[in-house]
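Novice: Below is the file work.tsv, which contains TSV, C-alpha atoms and all ligand atoms.
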chain	number	residue	atom	x	y	z
A	1	MET	CA	-14.63	17.28	-17.50
A	2	SER	CA	-13.24	14.47	-15.34
A	3	PRO	CA	-10.56	15.52	-12.87
A	4	THR	CA	-6.95	14.65	-13.68
A	5	LYS	CA	-4.86	12.32	-11.49
A	6	ALA	CA	-3.08	15.37	-10.03
A	7	GLU	CA	-6.38	17.10	-9.16
A	8	LEU	CA	-7.73	13.96	-7.54
A	9	ARG	CA	-4.54	13.51	-5.48
A	10	THR	CA	-4.84	17.05	-4.13
A	11	GLN	CA	-8.51	16.57	-3.17
A	12	LEU	CA	-7.95	13.17	-1.60
A	13	LEU	CA	-4.90	14.26	0.40
A	14	THR	CA	-6.78	17.32	1.72
A	15	ARG	CA	-9.67	15.12	2.82
A	16	ARG	CA	-7.27	12.69	4.53
A	17	ARG	CA	-5.49	15.44	6.42
A	18	GLU	CA	-8.83	16.70	7.78
A	19	ARG	CA	-9.66	13.41	9.46
A	20	PRO	CA	-9.48	13.56	13.26
A	21	ASP	CA	-7.16	11.34	15.25
A	22	ALA	CA	-10.05	9.23	16.54
A	23	ALA	CA	-10.98	8.22	13.00
A	24	ARG	CA	-7.35	7.36	12.22
A	25	TRP	CA	-7.14	5.20	15.35
A	26	GLN	CA	-10.30	3.40	14.33
A	27	ASP	CA	-8.96	2.67	10.83
A	28	ALA	CA	-5.66	1.38	12.18
A	29	ALA	CA	-7.43	-0.86	14.70
A	30	ASN	CA	-9.91	-2.17	12.11
A	31	LEU	CA	-7.20	-2.99	9.57
A	32	ALA	CA	-5.05	-4.77	12.16
A	33	ALA	CA	-8.01	-6.77	13.49
A	34	ALA	CA	-9.07	-7.77	9.98
A	35	LEU	CA	-5.62	-8.70	8.67
A	36	PRO	CA	-5.56	-12.40	9.70
A	37	GLY	CA	-9.02	-12.97	8.23
A	38	VAL	CA	-8.18	-11.09	5.05
A	39	LEU	CA	-5.06	-13.21	4.49
A	40	ASP	CA	-7.04	-16.38	5.29
A	41	SER	CA	-9.89	-15.47	2.96
A	42	LEU	CA	-7.44	-15.04	0.09
A	43	GLY	CA	-6.45	-18.65	0.60
A	44	THR	CA	-2.85	-18.00	-0.32
A	45	ASP	CA	0.16	-20.02	0.85
A	46	PRO	CA	0.95	-18.90	4.44
A	47	ARG	CA	4.56	-20.03	4.09
A	48	ARG	CA	5.20	-17.36	1.49
A	49	PRO	CA	5.88	-13.77	2.57
A	50	VAL	CA	3.36	-10.98	2.42
A	51	CYS	CA	4.37	-7.56	1.12
A	52	LEU	CA	2.98	-4.80	3.34
A	53	TYR	CA	3.84	-1.10	3.68
A	54	VAL	CA	4.48	1.27	6.58
A	55	PRO	CA	1.49	3.63	6.73
A	56	VAL	CA	2.52	7.19	7.57
A	57	ARG	CA	0.71	10.43	8.40
A	58	ALA	CA	-2.91	10.32	7.22
A	59	GLU	CA	-2.65	7.00	5.35
A	60	PRO	CA	-5.17	4.38	6.45
A	61	GLY	CA	-3.50	2.15	9.04
A	62	ALA	CA	-1.25	4.86	10.52
A	63	ALA	CA	-1.93	5.21	14.25
A	64	PRO	CA	-1.47	8.77	15.57
A	65	ASN	CA	1.16	7.58	18.09
A	66	GLY	CA	3.30	5.87	15.45
A	67	ALA	CA	2.26	2.34	16.42
A	68	LEU	CA	2.07	-0.10	13.51
A	69	PRO	CA	-0.74	-2.48	14.45
A	70	MET	CA	-1.24	-3.91	10.95
A	71	LEU	CA	2.42	-4.90	10.64
A	72	ASP	CA	2.46	-6.27	14.19
A	73	ALA	CA	-0.67	-8.33	13.44
A	74	ALA	CA	1.02	-9.95	10.44
A	75	VAL	CA	4.13	-10.83	12.45
A	76	ALA	CA	1.97	-12.12	15.34
A	77	ILE	CA	0.36	-14.74	13.10
A	78	GLY	CA	3.76	-15.87	11.90
A	79	ARG	CA	3.79	-14.31	8.45
A	80	ARG	CA	7.07	-13.24	6.91
A	81	VAL	CA	6.71	-9.52	6.09
A	82	LEU	CA	8.51	-7.66	3.30
A	83	LEU	CA	8.46	-3.85	3.19
A	84	PRO	CA	9.29	-1.58	0.25
A	85	VAL	CA	12.45	0.50	-0.08
A	86	VAL	CA	12.37	3.37	-2.61
A	87	VAL	CA	15.34	3.29	-5.00
A	88	GLY	CA	14.94	6.31	-7.29
A	89	ASP	CA	12.91	5.56	-10.39
A	90	ALA	CA	13.78	1.85	-10.29
A	91	PRO	CA	11.36	-0.86	-9.08
A	92	LEU	CA	11.03	-0.96	-5.28
A	93	ASP	CA	13.60	-2.98	-3.33
A	94	TRP	CA	12.40	-5.04	-0.32
A	95	ALA	CA	13.61	-5.92	3.19
A	96	GLY	CA	12.16	-7.91	6.06
A	97	PHE	CA	10.25	-6.57	9.07
A	98	THR	CA	9.96	-8.05	12.53
A	99	ASP	CA	9.50	-5.01	14.76
A	100	ARG	CA	9.49	-1.21	14.97
A	101	GLY	CA	13.24	-1.18	15.64
A	102	ASP	CA	13.81	-2.45	12.09
A	103	LEU	CA	12.67	0.89	10.62
A	104	GLN	CA	14.54	4.06	9.73
A	105	ALA	CA	13.61	7.38	8.06
A	106	GLY	CA	13.38	7.17	4.26
A	107	PRO	CA	12.54	9.58	1.42
A	108	HIS	CA	9.19	11.51	1.37
A	109	GLY	CA	8.94	11.22	5.15
A	110	LEU	CA	8.51	7.47	4.87
A	111	LEU	CA	9.73	4.82	7.30
A	112	GLU	CA	11.72	2.08	5.62
A	113	PRO	CA	13.24	-1.19	6.79
A	114	SER	CA	16.94	-0.91	7.68
A	115	GLY	CA	17.74	-4.60	7.30
A	116	ARG	CA	19.34	-6.44	4.40
A	117	ARG	CA	17.73	-5.59	1.08
A	118	VAL	CA	16.66	-8.70	-0.75
A	119	GLY	CA	16.30	-7.16	-4.21
A	120	PRO	CA	13.38	-5.95	-6.39
A	121	GLY	CA	12.70	-9.52	-7.52
A	122	ALA	CA	11.80	-10.60	-3.95
A	123	ILE	CA	8.22	-9.43	-4.59
A	124	ALA	CA	7.87	-12.59	-6.71
A	125	ASP	CA	7.98	-14.73	-3.51
A	126	ALA	CA	4.96	-13.01	-1.96
A	127	SER	CA	1.52	-14.63	-2.04
A	128	VAL	CA	-0.19	-11.35	-1.13
A	129	VAL	CA	0.97	-7.84	-1.99
A	130	VAL	CA	-0.80	-5.13	0.01
A	131	VAL	CA	-0.29	-1.68	-1.52
A	132	PRO	CA	-1.10	1.84	-0.39
A	133	ALA	CA	-3.41	3.92	-2.56
A	134	LEU	CA	-5.11	7.29	-2.45
A	135	ALA	CA	-8.18	5.79	-4.13
A	136	ALA	CA	-9.26	2.71	-6.06
A	137	ALA	CA	-12.12	1.82	-8.40
A	138	PRO	CA	-14.27	-1.33	-8.75
A	139	ASP	CA	-12.43	-2.22	-11.97
A	140	GLY	CA	-9.16	-2.46	-10.02
A	141	VAL	CA	-7.65	0.84	-11.11
A	142	ARG	CA	-5.52	2.32	-8.34
A	143	LEU	CA	-4.43	5.91	-7.81
A	144	GLY	CA	-1.06	6.15	-6.03
A	145	ARG	CA	1.18	9.03	-4.99
A	146	GLY	CA	2.40	9.60	-8.52
A	147	GLY	CA	5.91	8.16	-8.28
A	148	GLY	CA	5.06	5.13	-10.38
A	149	HIS	CA	6.89	2.95	-7.82
A	150	TYR	CA	4.26	0.25	-7.55
A	151	ASP	CA	3.53	0.38	-11.28
A	152	ARG	CA	7.17	-0.58	-11.84
A	153	SER	CA	7.20	-3.28	-9.13
A	154	LEU	CA	3.86	-5.04	-9.45
A	155	PRO	CA	4.72	-6.56	-12.84
A	156	LEU	CA	7.48	-8.47	-10.98
A	157	ALA	CA	4.95	-10.08	-8.59
A	158	SER	CA	4.01	-13.74	-8.99
A	159	PRO	CA	1.06	-14.29	-11.36
A	160	SER	CA	-0.57	-16.22	-8.49
A	161	ALA	CA	-0.18	-13.36	-5.99
A	162	VAL	CA	-3.22	-11.39	-4.87
A	163	ILE	CA	-2.68	-7.64	-5.10
A	164	VAL	CA	-4.74	-5.70	-2.57
A	165	ALA	CA	-5.06	-1.88	-2.37
A	166	VAL	CA	-5.83	-0.32	1.02
A	167	VAL	CA	-7.97	2.83	0.86
A	168	GLY	CA	-10.06	4.82	3.32
A	169	ASP	CA	-13.78	4.12	3.63
A	170	THR	CA	-14.70	6.99	1.26
A	171	GLU	CA	-11.92	6.31	-1.26
A	172	LEU	CA	-13.50	3.58	-3.40
A	173	LEU	CA	-14.57	5.81	-6.29
A	174	PRO	CA	-16.81	4.82	-9.22
A	175	ASP	CA	-14.04	5.38	-11.74
A	176	LEU	CA	-10.52	6.75	-11.91
A	177	PRO	CA	-8.30	8.03	-14.71
A	178	VAL	CA	-6.13	5.24	-16.07
A	179	GLU	CA	-2.94	5.13	-18.17
A	180	PRO	CA	-1.44	2.15	-19.98
A	181	HIS	CA	1.26	1.57	-17.31
A	182	ASP	CA	-1.28	1.41	-14.43
A	183	VAL	CA	-1.35	-2.05	-12.87
A	184	ARG	CA	-4.81	-3.10	-11.67
A	185	VAL	CA	-5.36	-4.60	-8.23
A	186	HIS	CA	-7.39	-7.76	-7.52
A	187	ALA	CA	-9.09	-6.47	-4.39
A	188	VAL	CA	-9.76	-3.29	-2.46
A	189	TRP	CA	-9.61	-3.28	1.34
A	190	ARG	CA	-11.37	-0.59	3.37
A	191	PRO	CA	-11.15	-0.27	7.17
A	192	SER	CA	-14.89	-0.43	7.96
A	193	THR	CA	-16.17	-2.66	5.21
A	194	GLY	CA	-13.32	-5.08	4.56
A	195	LEU	CA	-12.23	-6.65	1.31
A	196	ILE	CA	-14.04	-6.61	-2.03
A	197	GLY	CA	-12.84	-8.24	-5.22
A	198	THR	CA	-12.47	-6.10	-8.34
A	199	ALA	CA	-13.85	-6.84	-11.78
B	1	LIG	N1	3.47	4.32	3.19
B	1	LIG	C1	3.77	4.36	1.91
B	1	LIG	N2	4.88	3.78	1.46
B	1	LIG	C2	5.18	3.84	0.13
B	1	LIG	C3	4.34	4.50	-0.78
B	1	LIG	C4	3.14	5.12	-0.27
B	1	LIG	O1	2.33	5.70	-1.00
B	1	LIG	N3	2.92	5.01	1.06
B	1	LIG	N4	4.68	4.54	-2.12
B	1	LIG	C5	3.76	4.55	-3.17
B	1	LIG	O2	4.14	4.55	-4.31
B	1	LIG	C6	6.11	4.43	-2.44
B	1	LIG	C7	6.80	5.73	-2.10
B	1	LIG	N5	6.22	6.91	-2.70
B	1	LIG	C8	5.75	8.00	-2.01
B	1	LIG	C9	5.76	9.23	-2.62
B	1	LIG	C10	5.32	10.35	-1.93
B	1	LIG	C11	4.86	10.24	-0.63
B	1	LIG	C12	4.39	11.42	0.16
B	1	LIG	O3	3.81	11.29	1.23
B	1	LIG	N6	4.62	12.64	-0.30
B	1	LIG	C13	4.20	13.81	0.41
B	1	LIG	C14	5.22	14.90	0.22
B	1	LIG	C15	6.43	14.63	1.03
B	1	LIG	C16	7.72	14.68	0.20
B	1	LIG	O4	7.69	14.36	-0.99
B	1	LIG	O5	8.74	15.02	0.77
B	1	LIG	C17	2.84	14.26	-0.05
B	1	LIG	O6	2.45	13.87	-1.18
B	1	LIG	O7	2.18	14.93	0.74
B	1	LIG	C18	4.83	9.02	-0.03
B	1	LIG	C19	5.27	7.91	-0.72
B	1	LIG	C20	6.67	3.26	-1.69
B	1	LIG	N7	6.34	3.30	-0.28
B	2	LIG	N1	6.39	0.47	-15.59
B	2	LIG	C1	6.85	1.72	-15.67
B	2	LIG	N2	8.03	2.00	-16.24
B	2	LIG	C2	8.50	3.25	-16.31
B	2	LIG	N3	7.85	4.33	-15.84
B	2	LIG	C3	6.67	4.13	-15.27
B	2	LIG	C4	6.10	2.82	-15.14
B	2	LIG	N4	4.92	2.93	-14.51
B	2	LIG	C5	4.76	4.24	-14.23
B	2	LIG	N5	5.78	4.97	-14.70
B	2	LIG	C6	5.93	6.44	-14.60
B	2	LIG	O1	5.68	6.88	-13.27
B	2	LIG	C7	4.98	8.11	-13.27
B	2	LIG	C8	3.85	8.10	-12.26
B	2	LIG	O2	2.85	7.17	-12.63
B	2	LIG	P1	1.43	7.20	-11.90
B	2	LIG	O3	0.90	8.58	-11.86
B	2	LIG	O4	0.56	6.14	-12.49
B	2	LIG	O5	1.87	6.79	-10.41
B	2	LIG	P2	1.09	6.05	-9.22
B	2	LIG	O6	0.65	4.70	-9.61
B	2	LIG	O7	0.05	6.98	-8.75
B	2	LIG	O8	2.28	5.98	-8.16
B	2	LIG	P3	2.79	4.83	-7.15
B	2	LIG	O9	2.76	3.52	-7.91
B	2	LIG	O10	4.18	5.25	-6.79
B	2	LIG	O11	1.88	4.84	-5.99
B	2	LIG	C9	4.48	8.34	-14.70
B	2	LIG	O12	5.15	9.44	-15.21
B	2	LIG	C10	4.85	7.09	-15.44
B	2	LIG	O13	5.31	7.38	-16.73
If you convert what's in this file into structure tokens, what do you get?
Ligand SMILES: Nc1nc2c(c(=O)[nH]1)N(C=O)[C@@H](CNc1ccc(C(=O)N[C@@H](CCC(=O)O)C(=O)O)cc1)CN2
Ligand SMILES: Nc1ncnc2c1ncn2[C@@H]1O[C@H](COP(=O)(O)OP(=O)(O)OP(=O)(O)O)[C@@H](O)[C@H]1O

Specialist:
Amino acid sequence: MSPTKAELRTQLLTRRRERPDAARWQDAANLAAALPGVLDSLGTDPRRPVCLYVPVRAEPGAAPNGALPMLDAAVAIGRRVLLPVVVGDAPLDWAGFTDRGDLQAGPHGLLEPSGRRVGPGAIADASVVVVPALAAAPDGVRLGRGGGHYDRSLPLASPSAVIVAVVGDTELLPDLPVEPHDVRVHAVWRPSTGLIGTA
């Protein structure tokens, strides 16, 4: 029988936690170095903001010393960055990011922007929405943490926005369980191999 979402999450999180610091550094460096090219290759309007996230713990992009090279890379090329703020079971709220000092502790051990919240509808301004995932499949199905936060927010994104899931190099799986509310992503981005479009 195929594993359930909950079983997959447990396996994937265990595998992530086992990865040594050197591998985490490499992922964070690769993602930051690739970010300008990834945004360019998507050909989206550079004047519009990009939604990113603050990688924590074993998530791809999190540097072991707490540095945030992917976010810094986006700011360095002049992109306006929006970060998610968890508001219970409602769609994610958003606030701007310019540097590490803009962040404060949030729920689930997350780091969240402390600046003015611009409302759940602000995702509609973004030309690219980069989302965290525990795994993704070639058909665009994404497995998240199980809060349903992005499934509630992504329907508010612009129809022209490109939705990109970031996963580790071993986390593009042939297929994943899917439910009717699951929003598919347009592309999957892995640290070593870069971006691939989904079917
Ligand atoms: N970096 C990041 N930000 C994000 C998400 C995410 O997956 N990663 N989310 C994606 O939707 C939303 C928040 N949902 C999340 C839910 C659980 C955990 C988490 O790490 N849980 C721990 C247990 C800690 C706790 O709950 O106190 C775990 O599962 O080990 C993270 C984010 C919005 N922001
Ligand atoms: N659009 C929605 N409206 C209301 N509830 C939703 C919606 N999307 C998902 N949910 C609820 O959220 C819960 C978690 O969904 P799911 O397991 O697909 O989360 P996920 O995509 O892994 O999490 P996340 O998006 O936070 O990373 C489910 O119980 C589901 O019913």

Novice: Neighbours of ligand LIG 1 (chain B) within 6 Å, counting only C-alpha atoms and all ligand atoms, as a PDB file with C-alpha atoms, in the coordinates of the input?

Specialist:
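Generated file (result27.pdb):
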ATOM      1  CA  TYR A  53       3.840  -1.100   3.680  1.00  0.00           C
ATOM      2  CA  VAL A  54       4.480   1.270   6.580  1.00  0.00           C
ATOM      3  CA  PRO A  55       1.490   3.630   6.730  1.00  0.00           C
ATOM      4  CA  VAL A  56       2.520   7.190   7.570  1.00  0.00           C
ATOM      5  CA  PRO A  84       9.290  -1.580   0.250  1.00  0.00           C
ATOM      6  CA  VAL A  86      12.370   3.370  -2.610  1.00  0.00           C
ATOM      7  CA  HIS A 108       9.190  11.510   1.370  1.00  0.00           C
ATOM      8  CA  GLY A 109       8.940  11.220   5.150  1.00  0.00           C
ATOM      9  CA  PRO A 132      -1.100   1.840  -0.390  1.00  0.00           C
ATOM     10  CA  GLY A 144      -1.060   6.150  -6.030  1.00  0.00           C
ATOM     11  CA  ARG A 145       1.180   9.030  -4.990  1.00  0.00           C
ATOM     12  CA  GLY A 147       5.910   8.160  -8.280  1.00  0.00           C
ATOM     13  CA  HIS A 149       6.890   2.950  -7.820  1.00  0.00           C
ATOM     14  CA  TYR A 150       4.260   0.250  -7.550  1.00  0.00           C
TER      15      TYR A 150
END

Novice: Throw together the list of residues within 12 Å of ligand LIG 2 (chain B), counting all atoms listed in the file, and drop it here as a PyMOL selection string.

Specialist: chain A and resi 4-9+53+84-92+108+130-136+141-156+165-166+176-185

Novice: Hey, could you make a per-residue contact list for region 131-184 of chain A against region 115-126 of chain A with 7 Å as the cut-off, showing the nearest pair of atoms and its distance in Å to one decimal, counting only C-alpha atoms, sorted by chain and number, as JSON lines?

Specialist:
{"residue": "A:Leu156", "atom": "CA", "partner": "A:Ala124", "partner_atom": "CA", "distance": 5.9}
{"residue": "A:Ala157", "atom": "CA", "partner": "A:Ala124", "partner_atom": "CA", "distance": 4.3}
{"residue": "A:Ser158", "atom": "CA", "partner": "A:Ala124", "partner_atom": "CA", "distance": 4.6}
{"residue": "A:Ala161", "atom": "CA", "partner": "A:Ala126", "partner_atom": "CA", "distance": 6.5}

Novice: Residues at most 9 Å from region 70-77 of chain A, counting only C-alpha atoms, excluding those fewer than 3 positions away in the same chain, as JSON, numbers by chain?

Specialist: {"A": [28, 29, 30, 31, 32, 33, 34, 35, 36, 50, 52, 53, 54, 61, 62, 67, 80, 81, 97, 98, 99, 100]}

Novice: Store the residues picked out above in a file with C-alpha atoms, as a compact mmCIF listing (two decimals), keeping the file's coordinate frame.

Specialist:
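Below is the file selection11.txt, written as the result:
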# COMPACT_ATOMS: atom_id res chain seq x y z
CA ALA A 28 -5.66 1.38 12.18
CA ALA A 29 -7.43 -0.86 14.70
CA ASN A 30 -9.91 -2.17 12.11
CA LEU A 31 -7.20 -2.99 9.57
CA ALA A 32 -5.05 -4.77 12.16
CA ALA A 33 -8.01 -6.77 13.49
CA ALA A 34 -9.07 -7.77 9.98
CA LEU A 35 -5.62 -8.70 8.67
CA PRO A 36 -5.56 -12.40 9.70
CA VAL A 50 3.36 -10.98 2.42
CA LEU A 52 2.98 -4.80 3.34
CA TYR A 53 3.84 -1.10 3.68
CA VAL A 54 4.48 1.27 6.58
CA GLY A 61 -3.50 2.15 9.04
CA ALA A 62 -1.25 4.86 10.52
CA ALA A 67 2.26 2.34 16.42
CA ARG A 80 7.07 -13.24 6.91
CA VAL A 81 6.71 -9.52 6.09
CA PHE A 97 10.25 -6.57 9.07
CA THR A 98 9.96 -8.05 12.53
CA ASP A 99 9.50 -5.01 14.76
CA ARG A 100 9.49 -1.21 14.97

Novice: What is the CA of Pro20 (chain A) to CA of Val188 (chain A) distance in Å?

Specialist: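 One can read the CA of Pro20 (chain A) to CA of Val188 (chain A) distance as 23.0 Å.
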
Novice: Restricting the calculation to all atoms listed in the file, which member of A:Asp27, A:Glu112, A:Arg15, A:Ser127 is positioned closest to Arg47 (chain A)?

Specialist: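 Ranked by minimum distance to Arg47 (chain A), first place goes to A:Ser127.
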
Novice: How many Å lie between CA of Leu103 (chain A) and CA of Leu83 (chain A), rounded to one decimal?

Specialist: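 A separation of 9.8 Å between them.
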
Novice: Leaving out Gly43 (chain A) and any residue of its chain fewer than 2 positions from it, which residues lie within 12 Å of it when counting only C-alpha atoms, given as a PyMOL selection string?

Specialist: chain A and resi 36-41+45-48+127-128+160-162

Novice: So, with all atoms listed in the file as the atoms that count, which of A:Arg24, A:Pro3, A:Trp94, A:Leu42 lies closest to Gly197 (chain A)?

Specialist: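 Of all the options, A:Leu42 lies closest to Gly197 (chain A).
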
Novice: Could you tell me which of A:Ala58, A:Ala137, A:Leu111, A:Ile163 comes closest to Leu12 (chain A) if we count all atoms listed in the file?

Specialist: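 Looking at the shortest contact to Leu12 (chain A), the residue is A:Ala58.
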
Novice: Using all atoms listed in the file for the distances, tell me which of A:Leu173, A:Arg190, A:Leu13, A:Glu59 is nearest to Leu110 (chain A).

Specialist: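 Among A:Leu173, A:Arg190, A:Leu13, A:Glu59, it is A:Glu59 that comes nearest to Leu110 (chain A).
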
Novice: Nearest residue to Ala199 (chain A) out of A:Gly78, A:Pro174, A:Pro159, A:Pro138, using only C-alpha atoms?

Specialist: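 Distance minimum relative to Ala199 (chain A) lands on A:Pro138.
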
Novice: Report the distance between CA of Cys51 (chain A) and CA of Leu82 (chain A) in Å, rounded to one decimal place.

Specialist: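 Here the two named atoms are 4.7 Å from each other.
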
Novice: With distances taken over only C-alpha atoms, which residue among A:His186, A:Pro107, A:Leu195, A:Arg57 lies nearest Asp169 (chain A)?

Specialist: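 Looking at the shortest contact to Asp169 (chain A), the residue is A:Leu195.
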